[in-house]
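A.B. asks: Got a file for you: work.pdb, PDB, C-alpha atoms.
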ATOM      1  CA  MET A   1     -38.077  25.965  34.423
ATOM      2  CA  LYS A   2     -40.661  25.824  31.630
ATOM      3  CA  LEU A   3     -42.475  22.473  31.347
ATOM      4  CA  CYS A   4     -45.385  20.952  29.520
ATOM      5  CA  VAL A   5     -47.115  18.121  31.394
ATOM      6  CA  ALA A   6     -50.198  16.361  29.983
ATOM      7  CA  GLY A   7     -50.649  19.219  27.556
ATOM      8  CA  VAL A   8     -50.487  21.893  30.267
ATOM      9  CA  PRO A   9     -47.762  24.518  29.744
ATOM     10  CA  MET A  10     -46.421  25.428  33.165
ATOM     11  CA  CYS A  11     -43.428  26.781  35.065
ATOM     12  CA  ILE A  12     -41.759  25.418  38.205
ATOM     13  CA  GLU A  13     -39.214  27.281  40.311
ATOM     14  CA  SER A  14     -37.630  24.527  42.392
ATOM     15  CA  ALA A  15     -35.745  24.870  45.660
ATOM     16  CA  HIS A  16     -33.531  22.022  44.405
ATOM     17  CA  PRO A  17     -32.629  23.116  40.851
ATOM     18  CA  GLU A  18     -30.107  20.383  40.030
ATOM     19  CA  TRP A  19     -32.488  17.647  41.124
ATOM     20  CA  ALA A  20     -35.371  19.333  39.267
ATOM     21  CA  LYS A  21     -33.298  19.620  36.097
ATOM     22  CA  GLU A  22     -32.921  15.841  36.046
ATOM     23  CA  ARG A  23     -36.395  14.951  37.322
ATOM     24  CA  TYR A  24     -38.312  17.119  34.856
ATOM     25  CA  ALA A  25     -35.931  16.795  31.888
ATOM     26  CA  ALA A  26     -38.377  14.912  29.657
ATOM     27  CA  TYR A  27     -41.043  17.597  30.139
ATOM     28  CA  VAL A  28     -38.995  20.728  29.427
ATOM     29  CA  ARG A  29     -40.457  22.964  26.726
ATOM     30  CA  GLU A  30     -38.807  25.635  24.626
ATOM     31  CA  ASP A  31     -41.918  27.353  23.278
ATOM     32  CA  ASP A  32     -43.356  30.695  24.365
ATOM     33  CA  ARG A  33     -46.896  29.570  25.126
ATOM     34  CA  PRO A  34     -48.437  31.333  28.128
ATOM     35  CA  SER A  35     -48.095  29.290  31.301
ATOM     36  CA  LEU A  36     -51.337  27.838  32.660
ATOM     37  CA  MET A  37     -49.715  27.148  36.021
ATOM     38  CA  ASP A  38     -46.808  28.560  38.001
ATOM     39  CA  ILE A  39     -45.371  26.757  41.044
ATOM     40  CA  ARG A  40     -42.665  28.202  43.289
ATOM     41  CA  ILE A  41     -41.027  26.349  46.181
ATOM     42  CA  VAL A  42     -39.301  28.348  48.916
ATOM     43  CA  LEU A  43     -37.151  26.965  51.761
ATOM     44  CA  GLU A  44     -37.131  29.208  54.840
ATOM     45  CA  ASP A  45     -35.445  29.204  58.234
ATOM     46  CA  GLU A  46     -38.798  30.238  59.660
ATOM     47  CA  VAL A  47     -42.163  29.842  57.971
ATOM     48  CA  VAL A  48     -44.256  32.723  59.228
ATOM     49  CA  CYS A  49     -47.810  31.926  60.246
ATOM     50  CA  PRO A  50     -49.894  33.784  57.649
ATOM     51  CA  GLU A  51     -52.595  36.284  58.540
ATOM     52  CA  GLY A  52     -56.077  35.851  57.163
ATOM     53  CA  THR A  53     -59.626  34.777  57.854
ATOM     54  CA  GLU A  54     -59.839  31.166  58.971
ATOM     55  CA  VAL A  55     -62.102  29.173  56.648
ATOM     56  CA  GLU A  56     -61.805  25.789  58.313
ATOM     57  CA  ARG A  57     -59.492  23.287  59.936
ATOM     58  CA  VAL A  58     -59.269  19.912  58.255
ATOM     59  CA  LYS A  59     -57.045  17.129  59.559
ATOM     60  CA  SER A  60     -53.719  18.803  60.427
ATOM     61  CA  ALA A  61     -54.240  21.779  58.129
ATOM     62  CA  THR A  62     -55.670  25.232  58.730
ATOM     63  CA  ILE A  63     -57.129  26.970  55.679
ATOM     64  CA  LEU A  64     -57.176  30.766  55.460
ATOM     65  CA  ARG A  65     -58.591  33.336  53.075
ATOM     66  CA  LEU A  66     -56.061  36.146  52.648
ATOM     67  CA  ALA A  67     -56.684  39.838  52.093
ATOM     68  CA  ASP A  68     -55.125  39.691  48.614
ATOM     69  CA  GLY A  69     -57.698  37.092  47.458
ATOM     70  CA  ARG A  70     -55.427  34.083  47.682
ATOM     71  CA  ASN A  71     -55.837  31.087  49.964
ATOM     72  CA  CYS A  72     -53.310  29.558  52.334
ATOM     73  CA  ARG A  73     -53.188  26.066  53.786
ATOM     74  CA  TYR A  74     -50.654  25.609  56.568
ATOM     75  CA  SER A  75     -49.603  22.904  59.033
ATOM     76  CA  ARG A  76     -47.583  22.831  62.244
ATOM     77  CA  ASP A  77     -45.073  20.255  63.402
ATOM     78  CA  PRO A  78     -45.210  18.581  66.868
ATOM     79  CA  GLU A  79     -43.161  21.457  68.266
ATOM     80  CA  GLY A  80     -45.784  23.969  67.164
ATOM     81  CA  ARG A  81     -43.760  25.503  64.344
ATOM     82  CA  VAL A  82     -45.359  26.137  60.967
ATOM     83  CA  PHE A  83     -43.376  23.787  58.716
ATOM     84  CA  LEU A  84     -45.493  24.089  55.578
ATOM     85  CA  ALA A  85     -47.567  26.886  54.090
ATOM     86  CA  THR A  86     -49.072  26.617  50.615
ATOM     87  CA  TYR A  87     -50.444  29.799  49.049
ATOM     88  CA  TYR A  88     -52.718  29.337  46.045
ATOM     89  CA  SER A  89     -55.207  31.107  43.814
ATOM     90  CA  ASP A  90     -58.763  29.795  43.605
ATOM     91  CA  ASP A  91     -58.042  28.010  40.310
ATOM     92  CA  TYR A  92     -54.573  26.754  41.394
ATOM     93  CA  SER A  93     -52.912  28.546  38.493
ATOM     94  CA  GLN A  94     -50.561  30.249  40.972
ATOM     95  CA  VAL A  95     -49.084  28.148  43.785
ATOM     96  CA  GLU A  96     -46.305  29.046  46.208
ATOM     97  CA  ILE A  97     -45.069  26.433  48.676
ATOM     98  CA  HIS A  98     -43.059  27.515  51.743
ATOM     99  CA  LEU A  99     -41.170  24.775  53.592
ATOM    100  CA  LEU A 100     -39.226  24.912  56.844
ATOM    101  CA  SER A 101     -35.611  24.243  55.888
ATOM    102  CA  SER A 102     -34.714  22.704  59.260
ATOM    103  CA  GLN A 103     -37.630  20.314  59.608
ATOM    104  CA  ASN A 104     -36.699  16.824  60.731
ATOM    105  CA  HIS A 105     -39.338  14.507  59.366
ATOM    106  CA  PRO A 106     -38.618  10.794  59.962
ATOM    107  CA  TYR A 107     -39.431   9.822  56.369
ATOM    108  CA  PHE A 108     -39.491  12.910  54.153
ATOM    109  CA  SER A 109     -36.641  15.207  53.191
ATOM    110  CA  ASN A 110     -37.443  18.694  51.928
ATOM    111  CA  ARG A 111     -36.862  17.419  48.423
ATOM    112  CA  ASP A 112     -39.411  14.660  49.028
ATOM    113  CA  TRP A 113     -41.879  17.253  50.292
ATOM    114  CA  GLU A 114     -41.311  19.363  47.201
ATOM    115  CA  TYR A 115     -41.828  16.371  44.928
ATOM    116  CA  SER A 116     -45.085  15.360  46.606
ATOM    117  CA  LEU A 117     -46.521  18.844  47.046
ATOM    118  CA  THR A 118     -45.836  19.972  43.485
ATOM    119  CA  GLY A 119     -47.566  16.792  42.296
ATOM    120  CA  PHE A 120     -50.613  17.531  44.454
ATOM    121  CA  ALA A 121     -50.710  21.123  43.204
ATOM    122  CA  PHE A 122     -50.580  19.981  39.573
ATOM    123  CA  GLN A 123     -53.308  17.464  40.301
ATOM    124  CA  ASP A 124     -55.587  20.217  41.630
ATOM    125  CA  ARG A 125     -54.909  22.473  38.646
ATOM    126  CA  LEU A 126     -55.502  19.646  36.175
ATOM    127  CA  THR A 127     -58.826  18.839  37.876
ATOM    128  CA  VAL A 128     -59.915  22.486  37.636
ATOM    129  CA  LEU A 129     -59.135  22.274  33.903
ATOM    130  CA  GLY A 130     -61.520  19.310  33.552
ATOM    131  CA  HIS A 131     -59.047  16.426  33.625
ATOM    132  CA  GLY A 132     -57.431  14.441  36.414
ATOM    133  CA  ILE A 133     -54.875  12.070  37.931
ATOM    134  CA  LEU A 134     -55.539   8.379  38.558
ATOM    135  CA  HIS A 135     -53.599   6.316  41.097
ATOM    136  CA  ALA A 136     -52.453   3.592  38.720
ATOM    137  CA  SER A 137     -49.547   1.922  36.991
ATOM    138  CA  SER A 138     -50.086   2.496  33.293
ATOM    139  CA  LEU A 139     -48.692   1.353  29.987
ATOM    140  CA  SER A 140     -48.891   1.754  26.257
ATOM    141  CA  TRP A 141     -49.105  -1.407  24.144
ATOM    142  CA  ARG A 142     -49.168  -1.120  20.366
ATOM    143  CA  GLY A 143     -50.293   2.472  20.711
ATOM    144  CA  ASN A 144     -53.082   1.755  23.191
ATOM    145  CA  GLY A 145     -53.121   2.900  26.789
ATOM    146  CA  VAL A 146     -54.223   0.753  29.735
ATOM    147  CA  ALA A 147     -54.218   1.855  33.385
ATOM    148  CA  PHE A 148     -54.028  -0.753  36.156
ATOM    149  CA  SER A 149     -55.330   0.617  39.434
ATOM    150  CA  ALA A 150     -55.633  -0.742  42.982
ATOM    151  CA  ASN A 151     -54.699   0.035  46.536
ATOM    152  CA  SER A 152     -50.972   0.325  47.199
ATOM    153  CA  GLY A 153     -49.251  -3.038  47.566
ATOM    154  CA  THR A 154     -51.779  -4.983  45.493
ATOM    155  CA  GLY A 155     -49.467  -5.572  42.533
ATOM    156  CA  LYS A 156     -50.120  -2.865  39.925
ATOM    157  CA  SER A 157     -46.468  -2.362  39.068
ATOM    158  CA  THR A 158     -45.821  -6.103  39.154
ATOM    159  CA  HIS A 159     -48.591  -6.707  36.621
ATOM    160  CA  VAL A 160     -47.273  -3.979  34.308
ATOM    161  CA  GLY A 161     -43.839  -5.567  34.628
ATOM    162  CA  LEU A 162     -45.336  -8.853  33.416
ATOM    163  CA  TRP A 163     -46.592  -7.069  30.286
ATOM    164  CA  LYS A 164     -43.069  -5.820  29.684
ATOM    165  CA  GLU A 165     -41.718  -9.345  30.045
ATOM    166  CA  ALA A 166     -44.380 -10.733  27.708
ATOM    167  CA  PHE A 167     -44.221  -8.154  24.933
ATOM    168  CA  GLY A 168     -40.830  -6.495  25.311
ATOM    169  CA  ASP A 169     -40.388  -3.239  23.424
ATOM    170  CA  GLU A 170     -44.044  -3.215  22.383
ATOM    171  CA  VAL A 171     -44.787  -2.099  25.944
ATOM    172  CA  GLN A 172     -43.859   1.297  27.320
ATOM    173  CA  VAL A 173     -44.559   2.282  30.921
ATOM    174  CA  ILE A 174     -46.388   5.624  30.739
ATOM    175  CA  ASN A 175     -46.363   6.274  34.480
ATOM    176  CA  ASP A 176     -45.915   3.842  37.349
ATOM    177  CA  ASP A 177     -48.094   5.625  39.915
ATOM    178  CA  LYS A 178     -49.879   8.835  38.875
ATOM    179  CA  PRO A 179     -50.673   9.091  35.167
ATOM    180  CA  ALA A 180     -52.841  11.933  33.938
ATOM    181  CA  ILE A 181     -56.048  11.368  32.002
ATOM    182  CA  ILE A 182     -57.070  14.257  29.795
ATOM    183  CA  PHE A 183     -59.867  14.587  27.268
ATOM    184  CA  GLU A 184     -59.464  15.595  23.643
ATOM    185  CA  GLY A 185     -63.060  15.938  22.577
ATOM    186  CA  ASP A 186     -64.688  12.697  23.701
ATOM    187  CA  GLN A 187     -61.432  10.730  23.606
ATOM    188  CA  ALA A 188     -59.738  10.032  26.927
ATOM    189  CA  MET A 189     -55.955  10.194  26.603
ATOM    190  CA  LEU A 190     -53.444   8.593  28.956
ATOM    191  CA  CYS A 191     -50.466  10.867  29.662
ATOM    192  CA  GLY A 192     -47.198  10.601  31.482
ATOM    193  CA  THR A 193     -46.321  12.969  34.322
ATOM    194  CA  PRO A 194     -43.036  13.388  36.208
ATOM    195  CA  TRP A 195     -44.794  12.402  39.450
ATOM    196  CA  SER A 196     -44.562   8.617  39.493
ATOM    197  CA  GLY A 197     -44.350   7.647  43.143
ATOM    198  CA  LYS A 198     -41.259   5.862  44.420
ATOM    199  CA  THR A 199     -39.891   5.134  40.951
ATOM    200  CA  SER A 200     -38.803   7.268  38.014
ATOM    201  CA  LEU A 201     -40.836   5.167  35.575
ATOM    202  CA  ASN A 202     -42.590   7.783  33.473
ATOM    203  CA  VAL A 203     -42.408   9.134  29.939
ATOM    204  CA  ASN A 204     -43.627  12.312  28.324
ATOM    205  CA  ASP A 205     -46.074  10.565  26.011
ATOM    206  CA  LYS A 206     -49.789  10.514  25.270
ATOM    207  CA  VAL A 207     -51.891   7.602  23.965
ATOM    208  CA  PRO A 208     -55.621   6.835  23.704
ATOM    209  CA  LEU A 209     -56.882   5.249  26.919
ATOM    210  CA  LYS A 210     -58.564   1.980  25.957
ATOM    211  CA  ALA A 211     -59.363   0.615  29.424
ATOM    212  CA  ILE A 212     -58.958   0.957  33.162
ATOM    213  CA  VAL A 213     -58.470  -2.295  35.070
ATOM    214  CA  PHE A 214     -58.905  -2.583  38.837
ATOM    215  CA  ILE A 215     -56.788  -5.381  40.268
ATOM    216  CA  THR A 216     -57.354  -7.735  43.162
ATOM    217  CA  ARG A 217     -55.179 -10.716  44.021
ATOM    218  CA  GLY A 218     -56.491 -14.185  43.287
ATOM    219  CA  GLN A 219     -55.393 -17.749  42.625
ATOM    220  CA  GLU A 220     -56.980 -17.807  39.178
ATOM    221  CA  ASN A 221     -57.051 -15.194  36.446
ATOM    222  CA  THR A 222     -60.484 -13.788  35.658
ATOM    223  CA  ILE A 223     -61.565 -10.458  34.210
ATOM    224  CA  THR A 224     -65.039  -8.931  34.126
ATOM    225  CA  ARG A 225     -66.354  -5.671  32.781
ATOM    226  CA  LEU A 226     -67.739  -3.726  35.731
ATOM    227  CA  ASN A 227     -71.198  -2.196  35.893
ATOM    228  CA  ALA A 228     -71.622   1.545  36.398
ATOM    229  CA  LEU A 229     -71.966   1.373  40.178
ATOM    230  CA  ASP A 230     -68.890  -0.790  40.738
ATOM    231  CA  SER A 231     -66.934   1.263  38.214
ATOM    232  CA  TYR A 232     -67.732   4.496  40.032
ATOM    233  CA  PHE A 233     -66.959   2.957  43.428
ATOM    234  CA  ASN A 234     -63.518   1.881  42.265
ATOM    235  CA  LEU A 235     -62.765   5.114  40.422
ATOM    236  CA  SER A 236     -63.727   7.340  43.325
ATOM    237  CA  ALA A 237     -61.364   5.401  45.582
ATOM    238  CA  GLN A 238     -58.364   5.919  43.280
ATOM    239  CA  ILE A 239     -58.875   9.482  42.038
ATOM    240  CA  ALA A 240     -57.444  12.018  44.465
ATOM    241  CA  ARG A 241     -60.113  13.832  46.461
ATOM    242  CA  PRO A 242     -58.769  17.063  47.968
ATOM    243  CA  TYR A 243     -60.013  17.306  51.541
ATOM    244  CA  TYR A 244     -59.345  21.060  51.533
ATOM    245  CA  ASP A 245     -61.455  22.174  48.547
ATOM    246  CA  ALA A 246     -65.061  21.106  47.978
ATOM    247  CA  GLY A 247     -65.128  22.842  44.590
ATOM    248  CA  VAL A 248     -62.258  20.746  43.279
ATOM    249  CA  GLY A 249     -63.999  17.710  44.783
ATOM    250  CA  GLU A 250     -67.047  18.459  42.631
ATOM    251  CA  LYS A 251     -64.817  18.761  39.577
ATOM    252  CA  MET A 252     -63.349  15.356  40.445
ATOM    253  CA  ILE A 253     -66.848  13.859  40.409
ATOM    254  CA  GLU A 254     -67.482  15.368  36.956
ATOM    255  CA  PHE A 255     -64.178  13.921  35.762
ATOM    256  CA  ALA A 256     -65.084  10.454  37.073
ATOM    257  CA  GLU A 257     -68.489  10.614  35.380
ATOM    258  CA  ARG A 258     -66.860  11.534  32.084
ATOM    259  CA  ILE A 259     -64.522   8.554  32.353
ATOM    260  CA  LEU A 260     -67.487   6.273  33.046
ATOM    261  CA  ALA A 261     -69.156   7.498  29.862
ATOM    262  CA  THR A 262     -66.128   6.965  27.611
ATOM    263  CA  VAL A 263     -63.723   4.320  28.976
ATOM    264  CA  PRO A 264     -64.436   0.600  29.568
ATOM    265  CA  ILE A 265     -63.655  -0.387  33.159
ATOM    266  CA  TYR A 266     -62.808  -3.910  34.284
ATOM    267  CA  GLY A 267     -62.207  -5.879  37.443
ATOM    268  CA  LEU A 268     -59.291  -8.321  37.350
ATOM    269  CA  SER A 269     -58.545 -11.064  39.851
ATOM    270  CA  CYS A 270     -55.086 -12.369  39.044
ATOM    271  CA  ASN A 271     -51.923 -14.094  40.126
ATOM    272  CA  ILE A 272     -48.375 -13.296  39.050
ATOM    273  CA  SER A 273     -48.132 -15.099  35.729
ATOM    274  CA  ARG A 274     -47.967 -14.654  31.967
ATOM    275  CA  GLU A 275     -51.494 -16.061  31.885
ATOM    276  CA  ALA A 276     -52.695 -13.000  33.811
ATOM    277  CA  VAL A 277     -51.409 -10.773  31.016
ATOM    278  CA  GLU A 278     -53.036 -12.918  28.337
ATOM    279  CA  THR A 279     -56.344 -12.873  30.218
ATOM    280  CA  VAL A 280     -56.408  -9.072  30.127
ATOM    281  CA  ALA A 281     -55.106  -8.708  26.578
ATOM    282  CA  LYS A 282     -57.652 -11.137  25.099
ATOM    283  CA  GLU A 283     -60.520  -9.346  26.831
ATOM    284  CA  ILE A 284     -59.531  -5.774  25.984
ATOM    285  CA  PHE A 285     -57.923  -6.394  22.585
ATOM    286  CA  PRO A 286     -59.737  -9.441  21.149
ATOM    287  CA  LYS A 287     -58.651  -8.727  17.576
ATOM    288  CA  GLU A 288     -54.927  -8.555  18.297
ATOM    289  CA  GLU A 289     -52.478 -11.402  17.791
ATOM    290  CA  TYR A 290     -50.222 -12.360  20.689
TER     291      TYR A 290
END
Please express what this file holds, its structure, as structure tokens.
C.D. replies:
Amino acid sequence: MKLCVAGVPMCIESAHPEWAKERYAAYVREDDRPSLMDIRIVLEDEVVCPEGTEVERVKSATILRLADGRNCRYSRDPEGRVFLATYYSDDYSQVEIHLLSSQNHPYFSNRDWEYSLTGFAFQDRLTVLGHGILHASSLSWRGNGVAFSANSGTGKSTHVGLWKEAFGDEVQVINDDKPAIIFEGDQAMLCGTPWSGKTSLNVNDKVPLKAIVFITRGQENTITRLNALDSYFNLSAQIARPYYDAGVGEKMIEFAERILATVPIYGLSCNISREAVETVAKEIFPKEEY
């Protein structure tokens, strides 16, 4: 399946083609541009433990360097079986994910694994290309993008829902969990991706990113522009940091620094009210009428 996500032409060969056809429908492309990333998912009755030189063991994963120049990151289940092996090139342009078809995870089906792992692979490739993924619920309002970020359960999606209630069709949810941020020259652009967490709230759209807002819960609604140190602290907590690749980690730092130089970042303490929306809108868009 040929896709274009956040400006990246790519191909995905899913192990669940009917599900993938629906999930990725908005991102299908018909053009003949060369693919910048290929992902293949394979379900197997037995995932063979790969042979290679062990680089390191991190958390539950073992990372190998293979004779053909690729890398492999694999994990075992409690019974000792390899249930996941991800093969990838150094720049993540070629990724092959092998999953044990008979695994019995208490929370994740194989389709869930595919969904998560393809999202992580795209995230790594996008970071190598100089862009990135932010853990946020994001929207477009009157052609302007705003990303609301926080730890899970804080109320990101709830706040974006309040914008939708306040402004109706003027608001479009770009991505409810993992929007992409790419750079076109010095302009940061907010982009939809098909990886949007537990919901399917995402669109294949791209708008200028006007602000990132980090949310905390509070009784009153107050918003403050953050200084560089606080901005970086918050960003680094919500941009994915791959534990298995220091090089991609360095690219993530460069991405965060570029955001700091180009996008205003705010801290918002808020409750669940229309006033919370107005507090943000008046600060970020002082010249607009509401």
A.B. asks: Given the choices A:Arg23, A:Asp38, A:Leu129, A:Arg65, which gets closest to Thr199 in chain A if the distance is worked out from all atoms listed in the file?
C.D. replies: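 Among the listed residues, the smallest separation from Thr199 in chain A belongs to A:Arg23.
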A.B. asks: To verify the selection step, state as a ChimeraX atom specification which residues the PyMOL selection byres ((chain A and resi 28) around 9) yields on this input.
C.D. replies: /A:1-5,21,24-27,29-30
A.B. asks: Please enumerate the residues selected by the PyMOL selection byres ((chain A and resi 125) around 8) when evaluated against the supplied file, formatted as a list in words.
C.D. replies: Met37, Asp91, Tyr92, Ser93, Ala121, Phe122, Gln123, Asp124, Leu126, Thr127, Val128 and Leu129 of chain A
A.B. asks: Kindly indicate which residue among A:Ser75, A:Ser269, A:Thr216, A:Ser200 lies nearest to Thr154 in chain A, using only C-alpha atoms for the distances.
C.D. replies: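 Result for the nearest residue to Thr154 in chain A: A:Thr216.
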A.B. asks: Place a sphere of radius 12 Å on (-69.4, 15.6, 22.7) in the file coordinates and name every protein, DNA or RNA residue with an atom inside or on its surface, counting all atoms listed in the file; give the answer as a PyMOL selection string.
C.D. replies: chain A and resi 183-188+258+261-262
A.B. asks: Using only C-alpha atoms, pick whichever of A:Gln219, A:Thr279, A:Ser273, A:Thr193 has the shortest atom-to-atom distance to Thr158 in chain A.
C.D. replies: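 Among the listed residues, A:Ser273 lies closest to Thr158 in chain A.
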A.B. asks: Distance cut-off 12 Å, centre (-53.5, -9.3, 19.6) in file coordinates, counting all atoms listed in the file: which residues qualify? Return them as number ranges by chain.
C.D. replies: A: 141-142, 144, 167, 170, 277-290
A.B. asks: Under the PyMOL selection byres ((chain A and resi 162) around 12), which residues of this model are included? Write them out as a VMD selection string.
C.D. replies: chain A and resid 139 155 to 161 163 to 168 171 to 173 270 to 278 280 to 281
A.B. asks: Provide range 189-200 of chain A rebuilt to N, CA and C atoms, formatted as a short mmCIF file (atom, residue, chain, number, x, y, z; two decimals), in the coordinates of the input.
C.D. replies:
data_model
loop_
_atom_site.label_atom_id
_atom_site.label_comp_id
_atom_site.auth_asym_id
_atom_site.auth_seq_id
_atom_site.Cartn_x
_atom_site.Cartn_y
_atom_site.Cartn_z
N MET A 189 -57.36 10.45 26.94
CA MET A 189 -55.96 10.19 26.60
C MET A 189 -55.17 9.94 27.89
N LEU A 190 -54.31 8.94 27.83
CA LEU A 190 -53.44 8.59 28.96
C LEU A 190 -52.11 9.30 28.77
N CYS A 191 -51.67 10.05 29.79
CA CYS A 191 -50.47 10.87 29.66
C CYS A 191 -49.48 10.59 30.79
N GLY A 192 -48.22 10.68 30.46
CA GLY A 192 -47.20 10.60 31.48
C GLY A 192 -47.11 11.90 32.25
N THR A 193 -46.66 11.81 33.50
CA THR A 193 -46.32 12.97 34.32
C THR A 193 -45.01 12.66 35.03
N PRO A 194 -44.29 13.68 35.49
CA PRO A 194 -43.04 13.39 36.21
C PRO A 194 -43.25 12.90 37.63
N TRP A 195 -44.50 12.87 38.09
CA TRP A 195 -44.79 12.40 39.45
C TRP A 195 -45.22 10.93 39.37
N SER A 196 -44.31 10.05 39.69
CA SER A 196 -44.56 8.62 39.49
C SER A 196 -44.25 7.81 40.74
N GLY A 197 -44.52 8.39 41.91
CA GLY A 197 -44.35 7.65 43.14
C GLY A 197 -42.89 7.40 43.48
N LYS A 198 -42.60 6.19 43.95
CA LYS A 198 -41.26 5.86 44.42
C LYS A 198 -40.29 5.59 43.29
N THR A 199 -40.77 5.45 42.07
CA THR A 199 -39.89 5.13 40.95
C THR A 199 -39.82 6.32 40.00
N SER A 200 -38.90 6.24 39.06
CA SER A 200 -38.80 7.27 38.01
C SER A 200 -39.37 6.75 36.70
#
